[in-house]
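I have placed the structure first, in the form of structure tokens, so that the comments after it can refer back to it.
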2 protein chains.
Amino acid sequence: MSNEASLSPSAPRGEGQRDPFAPRFDAAGLVTAVAVDARSGAVLMLAHMDAKALAKTRETGFAHFHSRSRGRLWKKGETSGNTMRVVEIRVDCDEDALLLMVIPAGPACHTGALTCFYRRLAGEGLTDI
Amino acid sequence: MSNEASLSPSAPRGEGQRDPFAPRFDAAGLVTAVAVDARSGAVLMLAHMDAKALAKTRETGFAHFHSRSRGRLWKKGETSGNTMRVVEIRVDCDEDALLLMVIPAGPACHTGALTCFYRRLAGEGLTDI
């Protein structure tokens, strides 16, 4: 991971300036990735990527993550068929979070909901949105 | 953290059903929080919350996070003035990620950008969106 001055988030940014891409993986080798529906803008799900998942996503154009519970590479939709085609990858200021703009093939959530964020906090409980 | 059948993400969900709220903090005591502009739907930033930051957010109506680098509670905008008023908190299926619907008082990013996700991956580099 380079730490060049041009990567500094507080450095002045010029029109069309290009920075190298240097994702900052955490101690477990992961960055957080948020999948957003490129058409509706809805936040669909949050997952984690290691270097392998990121490389596979860029190589194939389909979202891949690292499953922390199973400890392995996981293609979103590999069993359900609800894959996510990635049309753009955005990066946050300190490069430890990614935003995947995706076209989902089906519901993002394993519950069948379009988004994993289908409930909101109401008092001490949760209600469907 | 309770583990009742009603919390199971694969349990059938009825109209207006209420589940208890039982956030699943990780080994470091944190959940990931994504702040979204409630007016535009734009993803603004990603940060982490411990139980204290979550309680303070609910109590005050303003986004509070846990700074991993500084190891302390942090009110978004405490120095910049760019606070975030939280109008709704959404929860994902496995309750380890939160989505904060916010009205930001100013730019979300410390660079002055409206969102921390102001760059996209283009080839091996990053370009401003």
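We name chains A, B, ... following the order of the structure tokens; residues begin at 1 in each chain, and ligands are numbered from 1 as shown.
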
- Residues of chain B within 8 Å of chain A, only C-alpha atoms counted, as a PyMOL selection string: chain B and resi 9-10+15-21+41-42+45-46+88-93+97-99+109-111+116-121+124-128

- Message: Quick check for you: according to DSSP on this backbone, which residues of range 27-106 of chain A are classed as helix (DSSP H, G or I)? Reply as a PyMOL selection string.
- Response: chain A and resi 51-60

Emit the selected residues as a compact mmCIF listing (two decimals), in the first residue's frame, including C-alpha atoms.
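Output file out.txt is given in full below:
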# COMPACT_ATOMS: atom_id res chain seq x y z
CA ALA A 51 -7.86 -8.58 -2.52
CA LYS A 52 -8.96 -11.77 -4.26
CA ALA A 53 -12.66 -10.85 -4.22
CA LEU A 54 -11.86 -7.40 -5.53
CA ALA A 55 -9.67 -8.79 -8.32
CA LYS A 56 -12.34 -11.33 -9.27
CA THR A 57 -15.01 -8.62 -9.32
CA ARG A 58 -12.92 -6.44 -11.60
CA GLU A 59 -11.97 -9.37 -13.83
CA THR A 60 -15.49 -10.79 -14.28

How would chain B read as a short mmCIF file (atom, residue, chain, number, x, y, z; two decimals) with C-alpha atoms, in the first residue's frame once least-squares superposed on chain A using all paired C-alpha atoms?
data_model
loop_
_atom_site.label_atom_id
_atom_site.label_comp_id
_atom_site.auth_asym_id
_atom_site.auth_seq_id
_atom_site.Cartn_x
_atom_site.Cartn_y
_atom_site.Cartn_z
CA MET B 1 0.17 0.20 -0.07
CA SER B 2 1.76 3.44 -1.24
CA ASN B 3 1.36 6.58 0.78
CA GLU B 4 2.15 9.22 -1.78
CA ALA B 5 1.19 12.84 -1.33
CA SER B 6 -1.28 12.57 -4.21
CA LEU B 7 -3.27 10.03 -2.18
CA SER B 8 -3.69 12.34 0.75
CA PRO B 9 -7.43 13.00 1.07
CA SER B 10 -6.76 16.59 2.11
CA ALA B 11 -4.57 17.36 -0.93
CA PRO B 12 -6.25 19.77 -3.35
CA ARG B 13 -7.98 17.88 -6.14
CA GLY B 14 -7.86 19.18 -9.68
CA GLU B 15 -10.28 18.58 -12.53
CA GLY B 16 -9.89 15.05 -13.86
CA GLN B 17 -6.94 14.33 -11.59
CA ARG B 18 -5.98 10.67 -11.41
CA ASP B 19 -4.78 9.04 -8.22
CA PRO B 20 -3.43 5.50 -8.11
CA PHE B 21 -5.87 3.03 -6.56
CA ALA B 22 -4.51 1.75 -3.26
CA PRO B 23 -7.25 0.09 -1.22
CA ARG B 24 -6.51 -0.05 2.49
CA PHE B 25 -7.31 -3.55 3.67
CA ASP B 26 -7.77 -3.90 7.43
CA ALA B 27 -5.89 -6.28 9.73
CA ALA B 28 -8.08 -9.13 8.48
CA GLY B 29 -7.28 -8.21 4.86
CA LEU B 30 -10.73 -6.79 4.14
CA VAL B 31 -12.42 -3.64 2.90
CA THR B 32 -16.13 -2.98 3.32
CA ALA B 33 -18.22 -2.91 0.16
CA VAL B 34 -21.67 -1.38 -0.17
CA ALA B 35 -23.76 -2.48 -3.14
CA VAL B 36 -26.08 0.16 -4.56
CA ASP B 37 -28.64 -0.33 -7.33
CA ALA B 38 -27.24 1.72 -10.22
CA ARG B 39 -30.76 2.36 -11.55
CA SER B 40 -32.68 3.29 -8.38
CA GLY B 41 -29.82 4.35 -6.11
CA ALA B 42 -31.15 2.04 -3.36
CA VAL B 43 -28.58 0.62 -0.94
CA LEU B 44 -28.88 -3.14 -1.41
CA MET B 45 -26.39 -4.83 0.89
CA LEU B 46 -23.10 -4.55 2.72
CA ALA B 47 -20.37 -7.16 2.56
CA HIS B 48 -16.59 -7.53 2.69
CA MET B 49 -13.93 -7.97 0.06
CA ASP B 50 -10.39 -9.21 0.29
CA ALA B 51 -7.87 -8.60 -2.50
CA LYS B 52 -8.95 -11.80 -4.24
CA ALA B 53 -12.67 -10.88 -4.21
CA LEU B 54 -11.84 -7.41 -5.51
CA ALA B 55 -9.67 -8.82 -8.30
CA LYS B 56 -12.35 -11.35 -9.27
CA THR B 57 -15.01 -8.62 -9.31
CA ARG B 58 -12.90 -6.44 -11.60
CA GLU B 59 -11.97 -9.38 -13.81
CA THR B 60 -15.49 -10.77 -14.27
CA GLY B 61 -17.68 -7.69 -13.83
CA PHE B 62 -19.76 -9.55 -11.24
CA ALA B 63 -19.72 -8.85 -7.49
CA HIS B 64 -17.59 -11.24 -5.47
CA PHE B 65 -17.07 -11.00 -1.72
CA HIS B 66 -15.15 -12.72 1.03
CA SER B 67 -17.40 -14.66 3.37
CA ARG B 68 -16.11 -14.15 6.89
CA SER B 69 -18.24 -16.98 8.26
CA ARG B 70 -17.21 -19.48 5.59
CA GLY B 71 -13.72 -18.07 5.14
CA ARG B 72 -13.83 -18.20 1.36
CA LEU B 73 -14.43 -16.33 -1.87
CA TRP B 74 -18.11 -16.01 -2.66
CA LYS B 75 -19.78 -14.89 -5.86
CA LYS B 76 -22.99 -13.06 -5.05
CA GLY B 77 -25.80 -15.16 -6.48
CA GLU B 78 -23.71 -18.29 -6.96
CA THR B 79 -26.52 -20.42 -5.54
CA SER B 80 -29.57 -18.14 -5.78
CA GLY B 81 -28.82 -16.84 -9.27
CA ASN B 82 -29.26 -13.31 -7.94
CA THR B 83 -25.96 -12.04 -9.25
CA MET B 84 -24.93 -8.40 -9.37
CA ARG B 85 -23.33 -6.91 -12.47
CA VAL B 86 -20.94 -4.17 -11.40
CA VAL B 87 -21.07 -1.09 -13.62
CA GLU B 88 -18.88 1.16 -11.50
CA ILE B 89 -16.69 0.95 -8.39
CA ARG B 90 -16.44 4.06 -6.24
CA VAL B 91 -13.88 4.54 -3.49
CA ASP B 92 -14.11 6.63 -0.35
CA CYS B 93 -11.63 9.28 0.78
CA ASP B 94 -9.45 6.98 2.85
CA GLU B 95 -9.86 4.01 0.50
CA ASP B 96 -11.08 1.54 3.09
CA ALA B 97 -14.62 1.37 1.73
CA LEU B 98 -15.97 0.67 -1.74
CA LEU B 99 -19.29 1.45 -3.29
CA LEU B 100 -20.37 -0.95 -6.01
CA MET B 101 -22.88 0.44 -8.48
CA VAL B 102 -24.67 -2.70 -9.64
CA ILE B 103 -27.45 -4.05 -11.82
CA PRO B 104 -28.91 -6.87 -9.70
CA ALA B 105 -30.35 -9.93 -11.42
CA GLY B 106 -32.89 -10.35 -8.60
CA PRO B 107 -33.51 -9.57 -4.93
CA ALA B 108 -30.31 -8.71 -3.07
CA CYS B 109 -31.40 -10.29 0.20
CA HIS B 110 -31.54 -13.99 0.97
CA THR B 111 -34.96 -13.31 2.56
CA GLY B 112 -36.28 -12.39 -0.87
CA ALA B 113 -36.41 -8.67 -0.09
CA LEU B 114 -35.07 -6.36 -2.80
CA THR B 115 -32.63 -4.88 -0.27
CA CYS B 116 -31.16 -6.30 2.93
CA PHE B 117 -32.15 -3.01 4.61
CA TYR B 118 -35.89 -3.76 4.61
CA ARG B 119 -36.57 -2.82 8.23
CA ARG B 120 -36.32 0.38 10.21
CA LEU B 121 -35.97 1.05 13.88
CA ALA B 122 -39.23 2.12 15.53
CA GLY B 123 -39.02 2.54 19.29
CA GLU B 124 -37.33 -0.60 20.60
CA GLY B 125 -38.46 -2.76 17.70
CA LEU B 126 -38.10 -3.13 13.96
CA THR B 127 -40.83 -2.64 11.40
CA ASP B 128 -40.82 -3.43 7.71
CA ILE B 129 -40.35 -0.46 5.43
#

- Item | Test item, strand (DSSP E or B) assignment across range 24-128 of chain A, answer as a ChimeraX atom specification | /A:31-37,43-49,62,64-67,72-75,84-91,97-104,119-122,125-128
